[in-house]
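J.: Below is one structure. I have some questions about it.
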Amino acid sequence: MQGTGSMRSTGSESWRNWDWRSHPNSLVTGRLHFPQLALRRRLGQLSCMSRPTLKLRSWPLTVLYYLLPFGALRPLSRVGWRPVSRVALYKSVPTRLLSRAWGRLNQVELPHWLRRPVYSLYIWTFGVNMKEAAVEDLHHYRNLSEFFRRKLKPQARPVCGLHSVISPSDGKILNFGQVKNCEVEQVKGVTYSLESFLGPRTCTEDLPFPPATSCDSFKNQLVTREGNELYHCVIYLAPGDYHCFHSPTDWTISHRRHFPGSLMSVNPGMARWIKELFCHNERVVLTGDWKHGFFSLTAVGATNVGSIRIYFDQDLHTNSPRYSKGSYNDFSFVTHANKEGVPMRKGEHLGEFNLGSTIVLIFEAPKDFNFQLKAGQKIRFGEALGSL
């Protein structure tokens with residue numbers, strides 16, 4: 001026993017008397033000392049691990065790397081360690097599970113005495129204008145879900161009748177313009193693939209454009225009339241905005257495609273950070289035609305958006321616990337009984353989000369179609385997007 005105590009004492013003394021300046025194979029970071037050879041061995045062991053185990057073991061160092069003062073763990077890079085990127089770290093967060101939990105919480109009925117303070121805090125935080133609500137009394141809303149989906153007074157959002165395309169929702173204009181090279185900008189300078197976003201065209205879809213051919217680009221498949229161009233508009237709905245969305249024009253919806261996916265935040269800062277964010281997130285693509293050809297409206301899900309609801313589509317179920325990455329589900333509204341699809345009038349109620357999200361319009365129109373917008377401007381449902 002004495003021998004063991006002596007050995008421990010000797011080991012402690014030798015560690016205490018270690019001269020770091022005389023050992024080049026060690027790294028010093030502030031007050032943290034890393035033996036370089038030992039780190040290399042340890043990192044070599046990490047590289048042999050399975051991918052899930054490696055991610056689990058790398059997380060603590062990665063979190064420290066981004067939280068500690070700048071450069072505190074930078075010497076680790078000299079021995080081959082690389083932190084998980086911020087994007088990969090964020091993608092690993094179980095946003096779908098959190099969103100389902102938030103959806104369940106929203107359904108919990110609040111005690112009558114608690115409703116006013118809870119809703120008042122939300123109104124103050126996000127700048128909600130309750131004077132526009134059809135029911136201004138906060139005690140009327142039994143739970144958060146009912147409050148988020150509140151209806152507006154009929155006169156609160158007059159629909160512009162002079163322009164052919166109106167805003168389907170309240171929100172902020174992130175981007176708009178012509179689609180070029182089959183790429184669409186989610187925010188300025190950050191693009192995503194048109195085909196990845198809408199999905200491939202197949203012969204089985206009842207869509208107003210022909211199936212793909214080897215010589216046609218995806219963009220040319222969507223443009224059905226000579227002399228037309230393809231346009232897009234991206235509208236971001238903040239948590240304080242009116243959460244319902246409406247038909248942006250007179251059109252007929254013939255097809256729905258549902259992409260299960262992630263539920264990452266879609267705020268403008270995140271849209272600049274993650275390329276093809278809208279292609280990763282869960283979304284519902286409605287396609288059909290209007291007087292100038294192809295027209296589509298896509299509702300993109302986001303963190304804490306428990307569901308995307310389309311009023312006339314009872315078969316749609318979003319944010320399911322399990323899904324296959326990259327999969328999608330198609331549904332045709334064209335049947336033997338209804339050979340045209342679902343007609344929608346401009347301004348008609350179309351669907352709703354739970355909390356905030358994004359609406360993406362992609363449509364064809366003649367070359368003289370003009371947007372009457374500025375990037376970054378606030379817009380309300382019923383106001384003009386553009387016209388001929």
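Each chain of the structure tokens is named A, B, ... in the order shown, its residues numbered from 1; ligands are numbered from 1 in display order.
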I'd like the contact shell of A:Val284 - 12 Å cut-off, only C-alpha atoms, skipping same-chain residues fewer than 6 positions apart - returned as a JSON list (two decimals) with N, CA and C atoms, in the first residue's frame.
T.:
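See result-v9.json below for the written result:
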[["chain", "number", "residue", "atom", "x", "y", "z"],
["A", 197, "PHE", "N", -36.44, 21.88, -55.60],
["A", 197, "PHE", "CA", -37.49, 22.49, -54.80],
["A", 197, "PHE", "C", -38.88, 21.97, -55.18],
["A", 198, "LEU", "N", -39.17, 21.92, -56.48],
["A", 198, "LEU", "CA", -40.50, 21.49, -56.93],
["A", 198, "LEU", "C", -40.60, 19.99, -57.13],
["A", 199, "GLY", "N", -39.45, 19.33, -57.32],
["A", 199, "GLY", "CA", -39.45, 17.90, -57.57],
["A", 199, "GLY", "C", -39.51, 17.60, -59.05],
["A", 255, "HIS", "N", -52.70, 19.72, -58.66],
["A", 255, "HIS", "CA", -51.80, 18.74, -58.09],
["A", 255, "HIS", "C", -51.17, 19.25, -56.79],
["A", 256, "ARG", "N", -50.96, 18.31, -55.84],
["A", 256, "ARG", "CA", -50.26, 18.62, -54.59],
["A", 256, "ARG", "C", -49.10, 17.65, -54.41],
["A", 257, "ARG", "N", -47.95, 18.17, -54.08],
["A", 257, "ARG", "CA", -46.78, 17.34, -53.76],
["A", 257, "ARG", "C", -46.29, 17.73, -52.37],
["A", 258, "HIS", "N", -46.20, 16.74, -51.49],
["A", 258, "HIS", "CA", -45.76, 16.97, -50.12],
["A", 258, "HIS", "C", -44.37, 16.37, -49.92],
["A", 259, "PHE", "N", -43.42, 17.21, -49.53],
["A", 259, "PHE", "CA", -42.06, 16.79, -49.22],
["A", 259, "PHE", "C", -41.87, 16.77, -47.70],
["A", 260, "PRO", "N", -41.84, 15.59, -47.06],
["A", 260, "PRO", "CA", -41.44, 15.58, -45.65],
["A", 260, "PRO", "C", -39.96, 15.98, -45.58],
["A", 261, "GLY", "N", -39.56, 16.62, -44.52],
["A", 261, "GLY", "CA", -38.17, 17.05, -44.43],
["A", 261, "GLY", "C", -37.86, 17.67, -43.09],
["A", 278, "PHE", "N", -34.65, 25.90, -48.32],
["A", 278, "PHE", "CA", -36.04, 25.57, -48.66],
["A", 278, "PHE", "C", -36.18, 24.16, -49.23],
["A", 296, "SER", "N", -47.66, 28.11, -59.38],
["A", 296, "SER", "CA", -47.47, 27.26, -58.20],
["A", 296, "SER", "C", -47.33, 28.11, -56.95],
["A", 297, "LEU", "N", -47.82, 27.56, -55.84],
["A", 297, "LEU", "CA", -47.64, 28.15, -54.52],
["A", 297, "LEU", "C", -47.09, 27.06, -53.61],
["A", 298, "THR", "N", -45.98, 27.37, -52.92],
["A", 298, "THR", "CA", -45.36, 26.40, -52.02],
["A", 298, "THR", "C", -45.33, 26.96, -50.61],
["A", 299, "ALA", "N", -45.90, 26.20, -49.67],
["A", 299, "ALA", "CA", -45.85, 26.54, -48.26],
["A", 299, "ALA", "C", -44.69, 25.78, -47.64],
["A", 300, "VAL", "N", -43.69, 26.50, -47.12],
["A", 300, "VAL", "CA", -42.48, 25.89, -46.57],
["A", 300, "VAL", "C", -42.59, 25.88, -45.05],
["A", 301, "GLY", "N", -42.40, 24.71, -44.45],
["A", 301, "GLY", "CA", -42.45, 24.58, -43.00],
["A", 301, "GLY", "C", -41.21, 25.15, -42.34],
["A", 307, "SER", "N", -47.74, 22.28, -38.08],
["A", 307, "SER", "CA", -48.45, 21.73, -39.23],
["A", 307, "SER", "C", -48.61, 22.78, -40.31],
["A", 308, "ILE", "N", -48.74, 22.30, -41.55],
["A", 308, "ILE", "CA", -49.15, 23.13, -42.68],
["A", 308, "ILE", "C", -50.52, 22.59, -43.10],
["A", 309, "ARG", "N", -51.49, 23.44, -43.11],
["A", 309, "ARG", "CA", -52.85, 22.99, -43.41],
["A", 309, "ARG", "C", -53.35, 23.64, -44.68],
["A", 310, "ILE", "N", -53.89, 22.81, -45.60],
["A", 310, "ILE", "CA", -54.58, 23.28, -46.80],
["A", 310, "ILE", "C", -56.06, 22.96, -46.59],
["A", 313, "ASP", "N", -57.80, 20.18, -48.60],
["A", 313, "ASP", "CA", -57.06, 18.92, -48.72],
["A", 313, "ASP", "C", -57.05, 18.21, -47.37],
["A", 316, "LEU", "N", -53.95, 15.64, -46.40],
["A", 316, "LEU", "CA", -52.60, 16.12, -46.13],
["A", 316, "LEU", "C", -52.30, 16.06, -44.63],
["A", 317, "HIS", "N", -51.18, 15.42, -44.28],
["A", 317, "HIS", "CA", -50.72, 15.33, -42.88],
["A", 317, "HIS", "C", -49.23, 15.65, -42.87],
["A", 318, "THR", "N", -48.86, 16.72, -42.19],
["A", 318, "THR", "CA", -47.46, 17.15, -42.17],
["A", 318, "THR", "C", -46.83, 16.90, -40.80],
["A", 319, "ASN", "N", -45.49, 16.98, -40.77],
["A", 319, "ASN", "CA", -44.69, 16.79, -39.55],
["A", 319, "ASN", "C", -44.98, 15.44, -38.90],
["A", 328, "TYR", "N", -41.22, 12.04, -51.38],
["A", 328, "TYR", "CA", -42.34, 12.97, -51.52],
["A", 328, "TYR", "C", -43.60, 12.18, -51.85],
["A", 329, "ASN", "N", -44.74, 12.79, -51.56],
["A", 329, "ASN", "CA", -46.04, 12.16, -51.81],
["A", 329, "ASN", "C", -46.85, 13.04, -52.76],
["A", 330, "ASP", "N", -47.38, 12.43, -53.80],
["A", 330, "ASP", "CA", -48.17, 13.14, -54.81],
["A", 330, "ASP", "C", -49.66, 12.88, -54.62],
["A", 331, "PHE", "N", -50.45, 13.89, -54.92],
["A", 331, "PHE", "CA", -51.89, 13.73, -54.90],
["A", 331, "PHE", "C", -52.49, 14.60, -55.99],
["A", 351, "GLY", "N", -55.04, 28.28, -46.85],
["A", 351, "GLY", "CA", -54.47, 27.43, -45.81],
["A", 351, "GLY", "C", -53.92, 28.27, -44.67],
["A", 352, "GLU", "N", -53.17, 27.59, -43.78],
["A", 352, "GLU", "CA", -52.62, 28.28, -42.62],
["A", 352, "GLU", "C", -51.38, 27.57, -42.09],
["A", 353, "PHE", "N", -50.55, 28.33, -41.38],
["A", 353, "PHE", "CA", -49.39, 27.81, -40.67],
["A", 353, "PHE", "C", -49.66, 27.89, -39.17],
["A", 358, "THR", "N", -42.76, 30.41, -44.59],
["A", 358, "THR", "CA", -42.43, 31.07, -45.85],
["A", 358, "THR", "C", -43.37, 30.59, -46.95],
["A", 359, "ILE", "N", -43.75, 31.52, -47.84],
["A", 359, "ILE", "CA", -44.52, 31.21, -49.04],
["A", 359, "ILE", "C", -43.64, 31.52, -50.25],
["A", 360, "VAL", "N", -43.56, 30.58, -51.19],
["A", 360, "VAL", "CA", -42.80, 30.78, -52.43],
["A", 360, "VAL", "C", -43.75, 30.64, -53.62],
["A", 361, "LEU", "N", -43.84, 31.68, -54.42],
["A", 361, "LEU", "CA", -44.63, 31.64, -55.65],
["A", 361, "LEU", "C", -43.69, 31.47, -56.83]]
J.: Contacts of A:Arg380 at 10 Å or less, counting only C-alpha atoms, minus same-chain residues fewer than 2 places along, as a list in words?
T.: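 Counting only the stated atoms, we get Ala156, Arg157, Pro158, Val159, Ile166, Ser167, Pro168, Ser169, Asp170, Gly171, Lys172, Asp241, Tyr242, Lys378, Gly382, Glu383 and Ala384 of chain A.
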J.: Keeping only C-alpha atoms, take the residues you just selected and write them out as a PDB file, in the first residue's frame.
T.:
ATOM      1  CA  ALA A 156     -58.571  44.729 -42.357  1.00  0.00           C
ATOM      2  CA  ARG A 157     -57.119  43.364 -45.626  1.00  0.00           C
ATOM      3  CA  PRO A 158     -58.819  44.749 -48.753  1.00  0.00           C
ATOM      4  CA  VAL A 159     -57.918  42.733 -51.851  1.00  0.00           C
ATOM      5  CA  ILE A 166     -51.514  39.859 -54.935  1.00  0.00           C
ATOM      6  CA  SER A 167     -49.621  38.882 -51.809  1.00  0.00           C
ATOM      7  CA  PRO A 168     -51.073  35.630 -50.408  1.00  0.00           C
ATOM      8  CA  SER A 169     -50.056  36.565 -46.852  1.00  0.00           C
ATOM      9  CA  ASP A 170     -48.587  39.128 -44.518  1.00  0.00           C
ATOM     10  CA  GLY A 171     -44.804  39.043 -44.384  1.00  0.00           C
ATOM     11  CA  LYS A 172     -41.487  40.351 -45.644  1.00  0.00           C
ATOM     12  CA  ASP A 241     -47.665  38.064 -38.685  1.00  0.00           C
ATOM     13  CA  TYR A 242     -51.141  36.904 -39.679  1.00  0.00           C
ATOM     14  CA  LYS A 378     -43.076  44.538 -45.475  1.00  0.00           C
ATOM     15  CA  GLY A 382     -54.208  41.608 -50.515  1.00  0.00           C
ATOM     16  CA  GLU A 383     -51.570  44.134 -51.586  1.00  0.00           C
ATOM     17  CA  ALA A 384     -50.244  44.021 -55.145  1.00  0.00           C
TER      18      ALA A 384
END
J.: Determine the nearest neighbour of A:Pro117 from the options A:His139, A:Lys131, A:Ala375, A:Arg96, counting only C-alpha atoms.
T.: A:His139
J.: Show which residues sit within 12 Å of A:Gly103, as a list in words. Count only C-alpha atoms, and ignore same-chain residues fewer than 2 positions away.
T.: Thr95, Arg96, Leu97, Leu98, Ser99, Arg100, Ala101, Leu105, Asn106, Gln107, Val108, Asn143, Leu144, Ser145, Glu146, Phe148, Thr303, Asn304, Val305, Gly306, Ser307, Ile308, Thr318, Asn319, Ser320, Phe353, Asn354 and Leu355 of chain A
J.: If DSSP is run on the backbone, what residues of stretch 137-301 of chain A are strand (DSSP E)? A reply as JSON, numbers by chain would be ideal.
T.: {"A": [165, 166, 171, 172, 173, 174, 175, 176, 177, 178, 183, 184, 185, 186, 187, 190, 191, 192, 193, 228, 229, 230, 231, 232, 233, 234, 235, 236, 237, 244, 245, 246, 251, 252, 253, 254, 255, 256, 257, 258, 259, 283, 284, 285, 286, 287, 288, 289, 290, 293, 294, 295, 296, 297, 298, 299, 300]}
J.: Using only C-alpha atoms, find the one residue out of A:Thr287, A:Gln155, A:Thr191, A:Asn370 that sits nearest to A:Ile274.
T.: A:Thr191
J.: Calculate how many Å separate atom CA of A:Glu340 from atom CA of A:Ile253, rounding to one decimal.
T.: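 Value for the atom CA of A:Glu340-atom CA of A:Ile253 distance: 8.3 Å.
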J.: Going by DSSP on the backbone, which residues of stretch 116-304 of chain A come out as alpha helix (DSSP H)? List them as a VMD selection string.
T.: chain A and resid 116 to 126 144 to 148 194 to 198 218 to 222 268 to 273 277 to 280
J.: With N, CA and C atoms retained, export the selected residues as a CSV table (one decimal), in the first residue's frame.
T.:
chain,number,residue,atom,x,y,z
A,116,ARG,N,-54.7,36.2,-20.7
A,116,ARG,CA,-54.4,37.6,-21.0
A,116,ARG,C,-52.9,37.9,-20.8
A,117,PRO,N,-52.3,37.5,-19.6
A,117,PRO,CA,-50.8,37.7,-19.5
A,117,PRO,C,-50.0,37.0,-20.5
A,118,VAL,N,-50.3,35.7,-20.9
A,118,VAL,CA,-49.5,35.0,-21.9
A,118,VAL,C,-49.6,35.6,-23.2
A,119,TYR,N,-50.8,35.9,-23.7
A,119,TYR,CA,-51.0,36.5,-25.0
A,119,TYR,C,-50.5,37.9,-25.1
A,120,SER,N,-50.6,38.7,-24.0
A,120,SER,CA,-50.1,40.0,-23.9
A,120,SER,C,-48.6,40.0,-24.1
A,121,LEU,N,-47.9,39.1,-23.5
A,121,LEU,CA,-46.4,38.9,-23.6
A,121,LEU,C,-46.1,38.7,-25.1
A,122,TYR,N,-46.8,37.8,-25.7
A,122,TYR,CA,-46.6,37.4,-27.1
A,122,TYR,C,-46.8,38.7,-28.0
A,123,ILE,N,-47.9,39.4,-27.7
A,123,ILE,CA,-48.2,40.6,-28.5
A,123,ILE,C,-47.1,41.6,-28.4
A,124,TRP,N,-46.6,41.8,-27.2
A,124,TRP,CA,-45.6,42.8,-26.9
A,124,TRP,C,-44.2,42.4,-27.6
A,125,THR,N,-43.9,41.1,-27.5
A,125,THR,CA,-42.7,40.6,-28.1
A,125,THR,C,-42.6,40.7,-29.6
A,126,PHE,N,-43.7,40.3,-30.3
A,126,PHE,CA,-43.7,40.2,-31.7
A,126,PHE,C,-44.5,41.4,-32.4
A,144,LEU,N,-52.8,28.5,-27.4
A,144,LEU,CA,-51.9,29.3,-28.2
A,144,LEU,C,-52.2,29.0,-29.7
A,145,SER,N,-52.6,27.8,-30.0
A,145,SER,CA,-52.9,27.5,-31.4
A,145,SER,C,-54.0,28.3,-32.0
A,146,GLU,N,-55.1,28.5,-31.2
A,146,GLU,CA,-56.2,29.3,-31.6
A,146,GLU,C,-55.8,30.8,-31.8
A,147,PHE,N,-54.9,31.2,-30.9
A,147,PHE,CA,-54.4,32.6,-31.0
A,147,PHE,C,-53.6,32.8,-32.2
A,148,PHE,N,-52.7,31.8,-32.5
A,148,PHE,CA,-51.9,32.0,-33.7
A,148,PHE,C,-52.7,32.0,-35.0
A,194,LEU,N,-34.3,24.8,-58.8
A,194,LEU,CA,-35.7,24.8,-59.1
A,194,LEU,C,-36.3,23.4,-59.1
A,195,GLU,N,-35.5,22.5,-59.7
A,195,GLU,CA,-36.0,21.1,-59.8
A,195,GLU,C,-36.0,20.4,-58.4
A,196,SER,N,-35.0,20.7,-57.6
A,196,SER,CA,-34.9,20.1,-56.2
A,196,SER,C,-36.1,20.6,-55.4
A,197,PHE,N,-36.4,21.9,-55.6
A,197,PHE,CA,-37.5,22.5,-54.8
A,197,PHE,C,-38.9,22.0,-55.2
A,198,LEU,N,-39.2,21.9,-56.5
A,198,LEU,CA,-40.5,21.5,-56.9
A,198,LEU,C,-40.6,20.0,-57.1
A,218,PHE,N,-35.4,21.9,-67.3
A,218,PHE,CA,-36.5,21.9,-66.4
A,218,PHE,C,-37.3,23.1,-66.5
A,219,LYS,N,-36.7,24.2,-66.6
A,219,LYS,CA,-37.4,25.5,-66.7
A,219,LYS,C,-38.3,25.5,-68.0
A,220,ASN,N,-37.8,25.0,-69.1
A,220,ASN,CA,-38.6,25.0,-70.3
A,220,ASN,C,-39.8,24.1,-70.2
A,221,GLN,N,-39.8,23.1,-69.3
A,221,GLN,CA,-40.9,22.3,-69.1
A,221,GLN,C,-42.1,23.0,-68.4
A,222,LEU,N,-41.7,24.0,-67.6
A,222,LEU,CA,-42.7,24.7,-66.8
A,222,LEU,C,-43.3,25.8,-67.7
A,268,PRO,N,-34.6,35.2,-42.3
A,268,PRO,CA,-33.7,35.7,-43.4
A,268,PRO,C,-32.2,35.4,-43.0
A,269,GLY,N,-31.8,35.5,-41.7
A,269,GLY,CA,-30.5,35.2,-41.3
A,269,GLY,C,-30.1,33.7,-41.6
A,270,MET,N,-31.0,32.8,-41.3
A,270,MET,CA,-30.8,31.4,-41.5
A,270,MET,C,-30.8,31.1,-43.0
A,271,ALA,N,-31.6,31.8,-43.8
A,271,ALA,CA,-31.7,31.6,-45.2
A,271,ALA,C,-30.3,32.0,-45.9
A,272,ARG,N,-29.6,33.0,-45.3
A,272,ARG,CA,-28.3,33.4,-45.9
A,272,ARG,C,-27.3,32.4,-45.5
A,273,TRP,N,-27.5,31.7,-44.4
A,273,TRP,CA,-26.5,30.8,-43.8
A,273,TRP,C,-26.5,29.4,-44.5
A,277,LEU,N,-31.8,25.9,-48.2
A,277,LEU,CA,-32.6,25.7,-47.0
A,277,LEU,C,-34.0,25.2,-47.3
A,278,PHE,N,-34.7,25.9,-48.3
A,278,PHE,CA,-36.0,25.6,-48.7
A,278,PHE,C,-36.2,24.2,-49.2
A,279,CYS,N,-35.1,23.6,-49.8
A,279,CYS,CA,-35.1,22.3,-50.3
A,279,CYS,C,-35.0,21.2,-49.2
A,280,HIS,N,-34.4,21.6,-48.1
A,280,HIS,CA,-34.2,20.7,-47.0
A,280,HIS,C,-35.5,20.6,-46.1
J.: Using only C-alpha atoms for the distances, tell me which of A:Asp368, A:Asp315, A:Glu109, A:Asp289 is nearest to A:Trp251.
T.: A:Asp289
J.: Nearest to A:Tyr311 among A:Arg115, A:Lys153, A:Lys275, A:His246, with distances taken over only C-alpha atoms: which residue is it?
T.: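 Checking each candidate against A:Tyr311, we get A:His246 as the closest.
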